[in-house]
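Engineer: Contents are CSV, N, CA and C atoms; file name target-v1.csv:
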chain,number,residue,atom,x,y,z
A,88,MET,N,-3.4,34.7,-4.5
A,88,MET,CA,-3.3,33.4,-4.0
A,88,MET,C,-2.9,32.5,-5.2
A,89,ALA,N,-1.9,31.6,-5.0
A,89,ALA,CA,-1.4,30.7,-6.0
A,89,ALA,C,-2.4,29.5,-6.1
A,90,ALA,N,-2.5,29.0,-7.3
A,90,ALA,CA,-3.4,27.8,-7.5
A,90,ALA,C,-2.7,26.6,-6.9
A,91,ALA,N,-3.5,25.8,-6.4
A,91,ALA,CA,-3.1,24.5,-5.7
A,91,ALA,C,-2.4,23.6,-6.8
A,92,ASN,N,-1.4,22.9,-6.4
A,92,ASN,CA,-0.7,22.0,-7.3
A,92,ASN,C,-1.6,20.8,-7.5
A,93,PRO,N,-2.1,20.5,-8.7
A,93,PRO,CA,-3.0,19.4,-9.0
A,93,PRO,C,-2.4,18.0,-8.6
A,94,LYS,N,-1.1,17.8,-8.7
A,94,LYS,CA,-0.5,16.6,-8.3
A,94,LYS,C,-0.7,16.4,-6.8
A,95,TYR,N,-0.5,17.4,-6.0
A,95,TYR,CA,-0.7,17.4,-4.6
A,95,TYR,C,-2.1,17.1,-4.2
A,96,ILE,N,-3.0,17.7,-4.9
A,96,ILE,CA,-4.5,17.5,-4.6
A,96,ILE,C,-4.8,16.0,-5.0
A,97,LEU,N,-4.4,15.5,-6.2
A,97,LEU,CA,-4.7,14.2,-6.6
A,97,LEU,C,-4.1,13.2,-5.6
A,98,ARG,N,-2.8,13.4,-5.2
A,98,ARG,CA,-2.2,12.5,-4.3
A,98,ARG,C,-2.9,12.4,-2.9
A,99,ASN,N,-3.4,13.6,-2.4
A,99,ASN,CA,-4.1,13.6,-1.2
A,99,ASN,C,-5.5,12.9,-1.3
A,100,TRP,N,-6.1,13.1,-2.5
A,100,TRP,CA,-7.4,12.4,-2.7
A,100,TRP,C,-7.2,10.9,-2.8
A,101,MET,N,-6.1,10.4,-3.4
A,101,MET,CA,-5.8,9.0,-3.5
A,101,MET,C,-5.6,8.4,-2.2
A,102,LEU,N,-4.8,9.1,-1.3
A,102,LEU,CA,-4.5,8.6,0.0
A,102,LEU,C,-5.8,8.5,0.8
A,103,ALA,N,-6.6,9.6,0.7
A,103,ALA,CA,-7.9,9.5,1.5
A,103,ALA,C,-8.8,8.4,1.0
A,104,GLU,N,-8.9,8.1,-0.3
A,104,GLU,CA,-9.7,7.0,-0.8
A,104,GLU,C,-9.1,5.7,-0.3
A,105,ALA,N,-7.8,5.5,-0.3
A,105,ALA,CA,-7.2,4.3,0.1
A,105,ALA,C,-7.5,4.1,1.6
A,106,TYR,N,-7.4,5.1,2.4
A,106,TYR,CA,-7.7,5.0,3.8
A,106,TYR,C,-9.1,4.7,4.1
A,107,GLU,N,-10.0,5.3,3.4
A,107,GLU,CA,-11.5,5.1,3.6
A,107,GLU,C,-11.8,3.6,3.3
A,108,ALA,N,-11.2,3.1,2.2
A,108,ALA,CA,-11.5,1.7,1.8
A,108,ALA,C,-10.9,0.8,2.8
A,109,ALA,N,-9.7,1.1,3.3
A,109,ALA,CA,-9.1,0.3,4.4
A,109,ALA,C,-10.0,0.2,5.6
A,110,GLU,N,-10.5,1.4,6.0
A,110,GLU,CA,-11.4,1.4,7.2
A,110,GLU,C,-12.6,0.5,6.9
A,111,ARG,N,-13.1,0.5,5.7
A,111,ARG,CA,-14.3,-0.4,5.4
A,111,ARG,C,-13.9,-1.9,5.3
A,112,GLY,N,-12.6,-2.2,5.4
A,112,GLY,CA,-12.2,-3.6,5.5
A,112,GLY,C,-11.6,-4.2,4.2
A,113,ASP,N,-11.4,-3.3,3.2
A,113,ASP,CA,-10.8,-3.8,2.0
A,113,ASP,C,-9.3,-4.2,2.2
A,114,PRO,N,-9.0,-5.5,2.1
A,114,PRO,CA,-7.6,-5.9,2.4
A,114,PRO,C,-6.5,-5.3,1.5
A,115,VAL,N,-6.9,-5.1,0.2
A,115,VAL,CA,-5.9,-4.4,-0.7
A,115,VAL,C,-5.6,-3.0,-0.2
A,116,ALA,N,-6.7,-2.3,0.1
A,116,ALA,CA,-6.5,-0.9,0.6
A,116,ALA,C,-5.8,-0.9,2.0
A,117,GLN,N,-6.0,-1.9,2.8
A,117,GLN,CA,-5.3,-2.0,4.1
A,117,GLN,C,-3.8,-2.1,3.8
A,118,TRP,N,-3.5,-3.0,2.8
A,118,TRP,CA,-2.1,-3.2,2.4
A,118,TRP,C,-1.5,-1.9,1.9
A,119,VAL,N,-2.2,-1.3,1.0
A,119,VAL,CA,-1.7,0.0,0.4
A,119,VAL,C,-1.5,1.0,1.5
A,120,THR,N,-2.5,1.2,2.4
A,120,THR,CA,-2.4,2.2,3.5
A,120,THR,C,-1.2,1.8,4.4
A,121,GLY,N,-1.0,0.6,4.7
A,121,GLY,CA,0.1,0.1,5.5
A,121,GLY,C,1.4,0.5,4.9
A,122,ARG,N,1.5,0.2,3.6
A,122,ARG,CA,2.8,0.5,2.9
A,122,ARG,C,3.1,2.0,2.9
A,123,LEU,N,2.1,2.8,2.6
A,123,LEU,CA,2.3,4.2,2.5
A,123,LEU,C,2.7,4.8,3.9
A,124,LEU,N,2.1,4.3,4.9
A,124,LEU,CA,2.5,4.8,6.3
A,124,LEU,C,3.8,4.3,6.7
A,125,SER,N,4.1,3.0,6.4
A,125,SER,CA,5.4,2.4,6.8
A,125,SER,C,6.6,3.1,6.1
A,126,GLU,N,6.3,3.5,4.8
A,126,GLU,CA,7.4,4.1,4.0
A,126,GLU,C,7.4,5.6,4.0
A,127,GLY,N,6.3,6.2,4.5
A,127,GLY,CA,6.2,7.6,4.5
A,127,GLY,C,6.0,8.2,3.2
A,128,ARG,N,5.2,7.5,2.3
A,128,ARG,CA,5.0,8.0,1.0
A,128,ARG,C,3.7,8.8,1.0
A,129,GLY,N,3.9,10.1,0.8
A,129,GLY,CA,2.8,11.0,0.8
A,129,GLY,C,2.2,11.4,2.1
A,130,VAL,N,2.7,10.7,3.2
A,130,VAL,CA,2.2,11.0,4.5
A,130,VAL,C,3.4,10.9,5.5
A,131,ALA,N,3.2,11.4,6.7
A,131,ALA,CA,4.3,11.3,7.7
A,131,ALA,C,4.6,9.8,7.9
A,132,ARG,N,5.8,9.4,8.0
A,132,ARG,CA,6.1,8.0,8.2
A,132,ARG,C,5.7,7.6,9.6
A,133,ASP,N,5.0,6.5,9.7
A,133,ASP,CA,4.5,5.9,11.0
A,133,ASP,C,4.6,4.4,10.8
A,134,ALA,N,5.7,3.8,11.1
A,134,ALA,CA,5.9,2.4,10.9
A,134,ALA,C,5.0,1.6,11.8
A,135,ALA,N,4.7,2.0,13.0
A,135,ALA,CA,3.8,1.2,13.8
A,135,ALA,C,2.4,1.1,13.2
A,136,ALA,N,1.8,2.3,12.8
A,136,ALA,CA,0.5,2.3,12.3
A,136,ALA,C,0.5,1.5,10.9
A,137,GLY,N,1.6,1.7,10.2
A,137,GLY,CA,1.7,1.0,8.9
A,137,GLY,C,1.6,-0.5,9.1
A,138,LEU,N,2.4,-1.0,10.0
A,138,LEU,CA,2.4,-2.4,10.3
A,138,LEU,C,1.1,-2.9,10.8
A,139,ALA,N,0.4,-2.1,11.6
A,139,ALA,CA,-1.0,-2.5,12.0
A,139,ALA,C,-1.9,-2.7,10.9
A,140,TRP,N,-1.8,-1.8,9.9
A,140,TRP,CA,-2.7,-2.0,8.7
A,140,TRP,C,-2.3,-3.2,7.9
A,141,ILE,N,-1.0,-3.4,7.8
A,141,ILE,CA,-0.5,-4.6,7.0
A,141,ILE,C,-0.9,-5.9,7.7
A,142,GLU,N,-0.9,-5.9,9.1
A,142,GLU,CA,-1.4,-7.0,9.8
A,142,GLU,C,-2.9,-7.3,9.5
A,143,ARG,N,-3.7,-6.2,9.5
A,143,ARG,CA,-5.1,-6.4,9.2
A,143,ARG,C,-5.3,-7.0,7.9
A,144,ALA,N,-4.5,-6.5,6.9
A,144,ALA,CA,-4.6,-7.1,5.5
A,144,ALA,C,-4.2,-8.5,5.5
A,145,ALA,N,-3.1,-8.8,6.2
A,145,ALA,CA,-2.6,-10.2,6.3
A,145,ALA,C,-3.6,-11.2,6.9
A,146,ARG,N,-4.3,-10.7,8.0
A,146,ARG,CA,-5.3,-11.5,8.7
A,146,ARG,C,-6.5,-11.7,7.8
A,147,ALA,N,-6.7,-10.8,6.9
A,147,ALA,CA,-7.9,-10.9,5.9
A,147,ALA,C,-7.5,-11.8,4.7
A,148,GLY,N,-6.3,-12.3,4.7
A,148,GLY,CA,-5.9,-13.2,3.7
A,148,GLY,C,-5.1,-12.6,2.5
A,149,HIS,N,-4.7,-11.3,2.6
A,149,HIS,CA,-4.0,-10.7,1.5
A,149,HIS,C,-2.5,-11.2,1.5
A,150,GLU,N,-2.2,-12.0,0.5
A,150,GLU,CA,-0.9,-12.7,0.5
A,150,GLU,C,0.3,-11.8,0.6
A,151,PRO,N,0.5,-10.8,-0.2
A,151,PRO,CA,1.6,-9.9,-0.1
A,151,PRO,C,1.8,-9.4,1.3
A,152,ALA,N,0.7,-9.1,2.0
A,152,ALA,CA,0.7,-8.6,3.3
A,152,ALA,C,1.2,-9.6,4.3
A,153,ARG,N,0.7,-10.9,4.1
A,153,ARG,CA,1.2,-12.0,4.9
A,153,ARG,C,2.7,-12.1,4.8
A,154,LEU,N,3.2,-12.0,3.6
A,154,LEU,CA,4.7,-12.2,3.4
A,154,LEU,C,5.4,-11.0,4.0
A,155,ALA,N,4.9,-9.8,3.9
A,155,ALA,CA,5.6,-8.7,4.5
A,155,ALA,C,5.6,-8.8,6.0
A,156,LEU,N,4.5,-9.2,6.6
A,156,LEU,CA,4.4,-9.4,8.0
A,156,LEU,C,5.3,-10.5,8.5
A,157,ALA,N,5.4,-11.6,7.7
A,157,ALA,CA,6.3,-12.7,8.1
A,157,ALA,C,7.7,-12.2,8.1
A,158,ARG,N,8.1,-11.4,7.1
A,158,ARG,CA,9.4,-10.8,7.0
A,158,ARG,C,9.7,-9.9,8.2
A,159,ALA,N,8.7,-9.1,8.6
A,159,ALA,CA,8.9,-8.1,9.7
A,159,ALA,C,9.1,-8.9,11.0
A,160,TYR,N,8.3,-9.9,11.2
A,160,TYR,CA,8.5,-10.7,12.5
A,160,TYR,C,9.8,-11.5,12.4
A,161,TYR,N,10.2,-12.0,11.3
A,161,TYR,CA,11.5,-12.7,11.2
A,161,TYR,C,12.7,-11.8,11.5
A,162,ARG,N,12.6,-10.6,10.9
A,162,ARG,CA,13.7,-9.7,11.0
A,162,ARG,C,13.6,-8.8,12.3
A,163,GLY,N,12.4,-8.8,12.9
A,163,GLY,CA,12.2,-7.9,14.0
A,163,GLY,C,12.1,-6.4,13.6
A,164,GLU,N,11.6,-6.2,12.4
A,164,GLU,CA,11.4,-4.8,11.9
A,164,GLU,C,10.1,-4.2,12.3
A,165,GLY,N,10.1,-3.3,13.3
A,165,GLY,CA,8.9,-2.7,13.8
A,165,GLY,C,8.1,-3.5,14.8
A,166,VAL,N,8.6,-4.7,15.0
A,166,VAL,CA,7.9,-5.6,16.0
A,166,VAL,C,9.0,-6.4,16.7
A,167,THR,N,8.7,-7.0,17.8
A,167,THR,CA,9.6,-7.8,18.5
A,167,THR,C,9.8,-9.1,17.7
A,168,ARG,N,11.0,-9.5,17.5
A,168,ARG,CA,11.3,-10.6,16.6
A,168,ARG,C,10.6,-11.8,17.2
A,169,ASP,N,9.8,-12.5,16.3
A,169,ASP,CA,9.0,-13.7,16.8
A,169,ASP,C,9.0,-14.7,15.6
A,170,LEU,N,9.8,-15.7,15.7
A,170,LEU,CA,9.9,-16.7,14.7
A,170,LEU,C,8.7,-17.6,14.5
A,171,VAL,N,7.9,-17.7,15.6
A,171,VAL,CA,6.7,-18.5,15.5
A,171,VAL,C,5.7,-17.8,14.6
A,172,LEU,N,5.5,-16.5,14.9
A,172,LEU,CA,4.6,-15.7,14.1
A,172,LEU,C,5.1,-15.5,12.7
A,173,ALA,N,6.4,-15.4,12.5
A,173,ALA,CA,7.0,-15.3,11.2
A,173,ALA,C,6.6,-16.5,10.4
A,174,GLN,N,6.7,-17.7,11.0
A,174,GLN,CA,6.4,-18.9,10.3
A,174,GLN,C,4.9,-19.0,10.0
A,175,GLN,N,4.1,-18.6,10.9
A,175,GLN,CA,2.6,-18.6,10.7
A,175,GLN,C,2.2,-17.8,9.6
A,176,PHE,N,2.8,-16.6,9.5
A,176,PHE,CA,2.4,-15.7,8.4
A,176,PHE,C,3.0,-16.1,7.1
A,177,ALA,N,4.1,-16.8,7.1
A,177,ALA,CA,4.9,-17.2,5.9
A,177,ALA,C,4.3,-18.4,5.2
A,178,GLU,N,3.5,-19.2,6.0
A,178,GLU,CA,3.0,-20.4,5.4
A,178,GLU,C,2.0,-20.1,4.3
A,179,LEU,N,2.3,-20.5,3.1
A,179,LEU,CA,1.5,-20.2,2.0
A,179,LEU,C,1.0,-21.5,1.4
A,180,GLN,N,-0.2,-21.5,0.9
A,180,GLN,CA,-0.7,-22.7,0.3
A,180,GLN,C,-0.3,-22.8,-1.2
A,181,ASP,N,-0.2,-21.7,-1.9
A,181,ASP,CA,0.1,-21.7,-3.3
A,181,ASP,C,1.1,-20.6,-3.7
A,182,ALA,N,2.3,-20.8,-3.4
A,182,ALA,CA,3.4,-19.8,-3.7
A,182,ALA,C,3.4,-19.4,-5.1
A,183,PRO,N,3.4,-20.3,-6.1
A,183,PRO,CA,3.5,-19.8,-7.5
A,183,PRO,C,2.3,-18.9,-7.9
A,184,ALA,N,1.1,-19.2,-7.4
A,184,ALA,CA,0.0,-18.3,-7.7
A,184,ALA,C,0.2,-17.0,-7.1
A,185,LEU,N,0.8,-16.9,-5.9
A,185,LEU,CA,1.1,-15.7,-5.2
A,185,LEU,C,2.0,-14.8,-6.1
A,186,VAL,N,3.1,-15.4,-6.6
A,186,VAL,CA,4.0,-14.7,-7.5
A,186,VAL,C,3.3,-14.1,-8.7
A,187,ASP,N,2.5,-14.9,-9.3
A,187,ASP,CA,1.7,-14.4,-10.5
A,187,ASP,C,0.8,-13.3,-10.1
A,188,ALA,N,0.1,-13.4,-9.0
A,188,ALA,CA,-0.9,-12.4,-8.5
A,188,ALA,C,-0.1,-11.1,-8.2
A,189,ALA,N,1.0,-11.2,-7.5
A,189,ALA,CA,1.8,-10.0,-7.2
A,189,ALA,C,2.3,-9.3,-8.4
A,190,HIS,N,2.7,-10.0,-9.4
A,190,HIS,CA,3.2,-9.4,-10.7
A,190,HIS,C,2.0,-8.7,-11.4
A,191,SER,N,0.9,-9.3,-11.4
A,191,SER,CA,-0.3,-8.7,-12.0
A,191,SER,C,-0.8,-7.5,-11.3
A,192,GLU,N,-0.8,-7.6,-10.0
A,192,GLU,CA,-1.2,-6.4,-9.1
A,192,GLU,C,-0.2,-5.3,-9.3
A,193,ALA,N,1.1,-5.6,-9.3
A,193,ALA,CA,2.1,-4.5,-9.5
A,193,ALA,C,1.9,-3.8,-10.9
A,194,ALA,N,1.7,-4.6,-11.9
A,194,ALA,CA,1.5,-4.1,-13.2
A,194,ALA,C,0.3,-3.2,-13.3
A,195,GLU,N,-0.8,-3.6,-12.7
A,195,GLU,CA,-2.0,-2.8,-12.6
A,195,GLU,C,-1.8,-1.5,-11.9
A,196,LEU,N,-1.2,-1.6,-10.7
A,196,LEU,CA,-0.9,-0.4,-9.9
A,196,LEU,C,0.0,0.6,-10.7
A,197,ARG,N,1.0,0.1,-11.3
A,197,ARG,CA,1.9,1.0,-12.1
A,197,ARG,C,1.1,1.7,-13.2
A,198,GLN,N,0.2,0.9,-13.9
A,198,GLN,CA,-0.6,1.5,-15.0
A,198,GLN,C,-1.6,2.6,-14.4
A,199,ASN,N,-2.2,2.3,-13.3
A,199,ASN,CA,-3.1,3.2,-12.7
A,199,ASN,C,-2.4,4.5,-12.2
A,200,ALA,N,-1.2,4.3,-11.6
A,200,ALA,CA,-0.5,5.4,-11.1
A,200,ALA,C,0.0,6.3,-12.3
A,201,ALA,N,0.4,5.7,-13.4
A,201,ALA,CA,0.8,6.5,-14.6
A,201,ALA,C,-0.3,7.3,-15.1
A,202,GLN,N,-1.5,6.7,-15.2
A,202,GLN,CA,-2.7,7.4,-15.7
A,202,GLN,C,-3.0,8.6,-14.8
A,203,MET,N,-3.0,8.4,-13.5
A,203,MET,CA,-3.3,9.4,-12.6
A,203,MET,C,-2.3,10.6,-12.7
A,204,LEU,N,-1.0,10.2,-12.8
A,204,LEU,CA,0.0,11.3,-12.9
A,204,LEU,C,-0.1,12.0,-14.2
A,205,ARG,N,-0.5,11.3,-15.3
A,205,ARG,CA,-0.7,12.0,-16.6
A,205,ARG,C,-1.8,13.0,-16.4
A,206,ARG,N,-2.9,12.6,-15.8
A,206,ARG,CA,-4.1,13.5,-15.6
A,206,ARG,C,-3.7,14.6,-14.7
A,207,ALA,N,-2.9,14.4,-13.7
A,207,ALA,CA,-2.4,15.5,-12.8
A,207,ALA,C,-1.6,16.5,-13.6
A,208,ASP,N,-0.7,16.0,-14.5
A,208,ASP,CA,0.1,16.9,-15.4
A,208,ASP,C,-0.8,17.7,-16.2
A,209,GLU,N,-1.9,17.1,-16.8
A,209,GLU,CA,-2.9,17.8,-17.6
A,209,GLU,C,-3.5,18.9,-16.8
A,210,LEU,N,-4.0,18.6,-15.6
A,210,LEU,CA,-4.6,19.6,-14.8
A,210,LEU,C,-3.7,20.7,-14.4
A,211,GLU,N,-2.4,20.4,-14.2
A,211,GLU,CA,-1.5,21.4,-13.8
A,211,GLU,C,-1.2,22.3,-15.0
A,212,GLY,N,-1.2,21.7,-16.2
A,212,GLY,CA,-1.1,22.5,-17.4
A,212,GLY,C,-2.2,23.5,-17.6
A,213,GLU,N,-3.4,23.0,-17.3
A,213,GLU,CA,-4.6,23.8,-17.4
A,213,GLU,C,-4.6,25.0,-16.4
A,214,THR,N,-4.1,24.8,-15.2
A,214,THR,CA,-4.1,25.9,-14.2
A,214,THR,C,-3.1,26.9,-14.6
A,215,ARG,N,-2.1,26.6,-15.4
A,215,ARG,CA,-1.0,27.6,-15.8
A,215,ARG,C,-1.5,28.5,-16.9
A,216,ARG,N,-2.5,28.1,-17.6
A,216,ARG,CA,-3.0,28.9,-18.7
A,216,ARG,C,-3.7,30.1,-18.3
I need this file expressed as structure tokens, please.

Structural biologist:
Amino acid sequence: MAAANPKYILRNWMLAEAYEAAERGDPVAQWVTGRLLSEGRGVARDAAAGLAWIERAARAGHEPARLALARAYYRGEGVTRDLVLAQQFAELQDAPALVDAAHSEAAELRQNAAQMLRRADELEGETRR
């Protein structure tokens, strides 16, 4: 029996952790879960379920989720086009702070992902020995 691929195991663990946190009501985890499902990253693509998670995050005040949902309603992507809902989700109180927060969050996510992938590579190397 071949050893399991550590990257696959780590990726599944990360997805499970994000989903569990989303279920507990964490808006960031809801956003991440929604994006993963919408884009089919590490899971089967399910745009409707992804959008539902993104909407939960948006309604909890997660700004990037609000923008994504506004864009979806404006473009009619995965939902019936609704300009009223698009405007409601797009209304932001502090757009410059949103941009700064999004950049900080993206940098942190990239750093965490890089660390996890390095660890997965280490684990994979250990299983080959």

Engineer: CA of Gly121 (chain A) and CA of Trp140 (chain A), how far apart in Å?

Structural biologist: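 Result for CA of Trp140 (chain A) versus CA of Gly121 (chain A): 4.7 Å, one decimal.
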
Engineer: Do you know which residues are at most 7 Å from region 97-106 of chain A counting only N, CA and C atoms, after dropping those on the same chain fewer than 5 positions away, and could you put them as a ChimeraX atom specification?

Structural biologist: /A:92,111,116-117,119-120,129,207

Engineer: Work out how far CA of Ala173 (chain A) is from CA of Tyr160 (chain A), in Å to one decimal.

Structural biologist: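 Result for CA of Tyr160 (chain A) versus CA of Ala173 (chain A): 5.0 Å, one decimal.
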
Engineer: Please report the interatomic distance between CA of Ala109 (chain A) and CA of Ala144 (chain A) in Å with one decimal.

Structural biologist: 8.7 Å

Engineer: Determine, counting all atoms listed in the file, which protein, DNA and RNA residues have an atom within 8 Å of an atom of Arg158 (chain A); residues of the same chain fewer than 2 positions away are not included. Present the result as a PDB file with N, CA and C atoms, in the coordinates of the input.

Structural biologist:
ATOM      1  N   ALA A 152       0.700  -9.100   2.000  1.00  0.00           N
ATOM      2  CA  ALA A 152       0.700  -8.600   3.300  1.00  0.00           C
ATOM      3  C   ALA A 152       1.200  -9.600   4.300  1.00  0.00           C
ATOM      4  N   ARG A 153       0.700 -10.900   4.100  1.00  0.00           N
ATOM      5  CA  ARG A 153       1.200 -12.000   4.900  1.00  0.00           C
ATOM      6  C   ARG A 153       2.700 -12.100   4.800  1.00  0.00           C
ATOM      7  N   LEU A 154       3.200 -12.000   3.600  1.00  0.00           N
ATOM      8  CA  LEU A 154       4.700 -12.200   3.400  1.00  0.00           C
ATOM      9  C   LEU A 154       5.400 -11.000   4.000  1.00  0.00           C
ATOM     10  N   ALA A 155       4.900  -9.800   3.900  1.00  0.00           N
ATOM     11  CA  ALA A 155       5.600  -8.700   4.500  1.00  0.00           C
ATOM     12  C   ALA A 155       5.600  -8.800   6.000  1.00  0.00           C
ATOM     13  N   LEU A 156       4.500  -9.200   6.600  1.00  0.00           N
ATOM     14  CA  LEU A 156       4.400  -9.400   8.000  1.00  0.00           C
ATOM     15  C   LEU A 156       5.300 -10.500   8.500  1.00  0.00           C
ATOM     16  N   TYR A 160       8.300  -9.900  11.200  1.00  0.00           N
ATOM     17  CA  TYR A 160       8.500 -10.700  12.500  1.00  0.00           C
ATOM     18  C   TYR A 160       9.800 -11.500  12.400  1.00  0.00           C
ATOM     19  N   TYR A 161      10.200 -12.000  11.300  1.00  0.00           N
ATOM     20  CA  TYR A 161      11.500 -12.700  11.200  1.00  0.00           C
ATOM     21  C   TYR A 161      12.700 -11.800  11.500  1.00  0.00           C
ATOM     22  N   ARG A 162      12.600 -10.600  10.900  1.00  0.00           N
ATOM     23  CA  ARG A 162      13.700  -9.700  11.000  1.00  0.00           C
ATOM     24  C   ARG A 162      13.600  -8.800  12.300  1.00  0.00           C
ATOM     25  N   GLY A 163      12.400  -8.800  12.900  1.00  0.00           N
ATOM     26  CA  GLY A 163      12.200  -7.900  14.000  1.00  0.00           C
ATOM     27  C   GLY A 163      12.100  -6.400  13.600  1.00  0.00           C
ATOM     28  N   GLU A 164      11.600  -6.200  12.400  1.00  0.00           N
ATOM     29  CA  GLU A 164      11.400  -4.800  11.900  1.00  0.00           C
ATOM     30  C   GLU A 164      10.100  -4.200  12.300  1.00  0.00           C
ATOM     31  N   LEU A 172       5.500 -16.500  14.900  1.00  0.00           N
ATOM     32  CA  LEU A 172       4.600 -15.700  14.100  1.00  0.00           C
ATOM     33  C   LEU A 172       5.100 -15.500  12.700  1.00  0.00           C
ATOM     34  N   ALA A 173       6.400 -15.400  12.500  1.00  0.00           N
ATOM     35  CA  ALA A 173       7.000 -15.300  11.200  1.00  0.00           C
ATOM     36  C   ALA A 173       6.600 -16.500  10.400  1.00  0.00           C
ATOM     37  N   GLN A 174       6.700 -17.700  11.000  1.00  0.00           N
ATOM     38  CA  GLN A 174       6.400 -18.900  10.300  1.00  0.00           C
ATOM     39  C   GLN A 174       4.900 -19.000  10.000  1.00  0.00           C
ATOM     40  N   PHE A 176       2.800 -16.600   9.500  1.00  0.00           N
ATOM     41  CA  PHE A 176       2.400 -15.700   8.400  1.00  0.00           C
ATOM     42  C   PHE A 176       3.000 -16.100   7.100  1.00  0.00           C
ATOM     43  N   ALA A 177       4.100 -16.800   7.100  1.00  0.00           N
ATOM     44  CA  ALA A 177       4.900 -17.200   5.900  1.00  0.00           C
ATOM     45  C   ALA A 177       4.300 -18.400   5.200  1.00  0.00           C
TER      46      ALA A 177
END

Engineer: Can you pull out the residues contacting Pro114 (chain A)? Cut-off 7 Å, using all atoms listed in the file, and skip same-chain residues under 6 positions away; I want them as a short mmCIF file (atom, residue, chain, number, x, y, z; two decimals) with N, CA and C atoms, keeping the file's coordinate frame.

Structural biologist:
data_model
loop_
_atom_site.label_atom_id
_atom_site.label_comp_id
_atom_site.auth_asym_id
_atom_site.auth_seq_id
_atom_site.Cartn_x
_atom_site.Cartn_y
_atom_site.Cartn_z
N ALA A 108 -11.20 3.10 2.20
CA ALA A 108 -11.50 1.70 1.80
C ALA A 108 -10.90 0.80 2.80
N ARG A 143 -3.70 -6.20 9.50
CA ARG A 143 -5.10 -6.40 9.20
C ARG A 143 -5.30 -7.00 7.90
N ALA A 144 -4.50 -6.50 6.90
CA ALA A 144 -4.60 -7.10 5.50
C ALA A 144 -4.20 -8.50 5.50
N ALA A 145 -3.10 -8.80 6.20
CA ALA A 145 -2.60 -10.20 6.30
C ALA A 145 -3.60 -11.20 6.90
N ALA A 147 -6.70 -10.80 6.90
CA ALA A 147 -7.90 -10.90 5.90
C ALA A 147 -7.50 -11.80 4.70
N GLY A 148 -6.30 -12.30 4.70
CA GLY A 148 -5.90 -13.20 3.70
C GLY A 148 -5.10 -12.60 2.50
N HIS A 149 -4.70 -11.30 2.60
CA HIS A 149 -4.00 -10.70 1.50
C HIS A 149 -2.50 -11.20 1.50
#

Engineer: Within 7 Å of region 132-139 of chain A, counting only C-alpha atoms, which residues show up once you throw out same-chain ones fewer than 6 positions away? Write them as a CSV table (one decimal) with N, CA and C atoms, in the frame of the given file, please.

Structural biologist:
chain,number,residue,atom,x,y,z
A,120,THR,N,-2.5,1.2,2.4
A,120,THR,CA,-2.4,2.2,3.5
A,120,THR,C,-1.2,1.8,4.4
A,121,GLY,N,-1.0,0.6,4.7
A,121,GLY,CA,0.1,0.1,5.5
A,121,GLY,C,1.4,0.5,4.9
A,122,ARG,N,1.5,0.2,3.6
A,122,ARG,CA,2.8,0.5,2.9
A,122,ARG,C,3.1,2.0,2.9
A,124,LEU,N,2.1,4.3,4.9
A,124,LEU,CA,2.5,4.8,6.3
A,124,LEU,C,3.8,4.3,6.7
A,125,SER,N,4.1,3.0,6.4
A,125,SER,CA,5.4,2.4,6.8
A,125,SER,C,6.6,3.1,6.1
A,126,GLU,N,6.3,3.5,4.8
A,126,GLU,CA,7.4,4.1,4.0
A,126,GLU,C,7.4,5.6,4.0
A,165,GLY,N,10.1,-3.3,13.3
A,165,GLY,CA,8.9,-2.7,13.8
A,165,GLY,C,8.1,-3.5,14.8

Engineer: Given all atoms listed in the file as the basis, pick out the residue of A:Ala201, A:Ala194, A:Val166, A:Ala157 nearest to Glu178 (chain A).

Structural biologist: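 Counting all atoms listed in the file, the residue closest to Glu178 (chain A) is A:Ala157.
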
Engineer: Taking into account only C-alpha atoms, which residue in the set A:Leu170, A:Leu204, A:Leu123, A:Leu210 is nearest to Ile141 (chain A)?

Structural biologist: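 Nearest candidate to Ile141 (chain A) out of A:Leu170, A:Leu204, A:Leu123, A:Leu210: A:Leu123.
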
Engineer: Output requested as a short mmCIF file (atom, residue, chain, number, x, y, z; two decimals), in the coordinates of the input - region 125-131 of chain A, filled out with N, CA, C and O atoms.

Structural biologist:
data_model
loop_
_atom_site.label_atom_id
_atom_site.label_comp_id
_atom_site.auth_asym_id
_atom_site.auth_seq_id
_atom_site.Cartn_x
_atom_site.Cartn_y
_atom_site.Cartn_z
N SER A 125 4.10 3.00 6.40
CA SER A 125 5.40 2.40 6.80
C SER A 125 6.60 3.10 6.10
O SER A 125 7.64 3.27 6.63
N GLU A 126 6.30 3.50 4.80
CA GLU A 126 7.40 4.10 4.00
C GLU A 126 7.40 5.60 4.00
O GLU A 126 8.27 6.22 3.45
N GLY A 127 6.30 6.20 4.50
CA GLY A 127 6.20 7.60 4.50
C GLY A 127 6.00 8.20 3.20
O GLY A 127 6.48 9.28 2.84
N ARG A 128 5.20 7.50 2.30
CA ARG A 128 5.00 8.00 1.00
C ARG A 128 3.70 8.80 1.00
O ARG A 128 2.60 8.33 1.11
N GLY A 129 3.90 10.10 0.80
CA GLY A 129 2.80 11.00 0.80
C GLY A 129 2.20 11.40 2.10
O GLY A 129 1.26 12.19 2.22
N VAL A 130 2.70 10.70 3.20
CA VAL A 130 2.20 11.00 4.50
C VAL A 130 3.40 10.90 5.50
O VAL A 130 4.49 10.45 5.08
N ALA A 131 3.20 11.40 6.70
CA ALA A 131 4.30 11.30 7.70
C ALA A 131 4.60 9.80 7.90
O ALA A 131 3.61 9.04 8.09
#
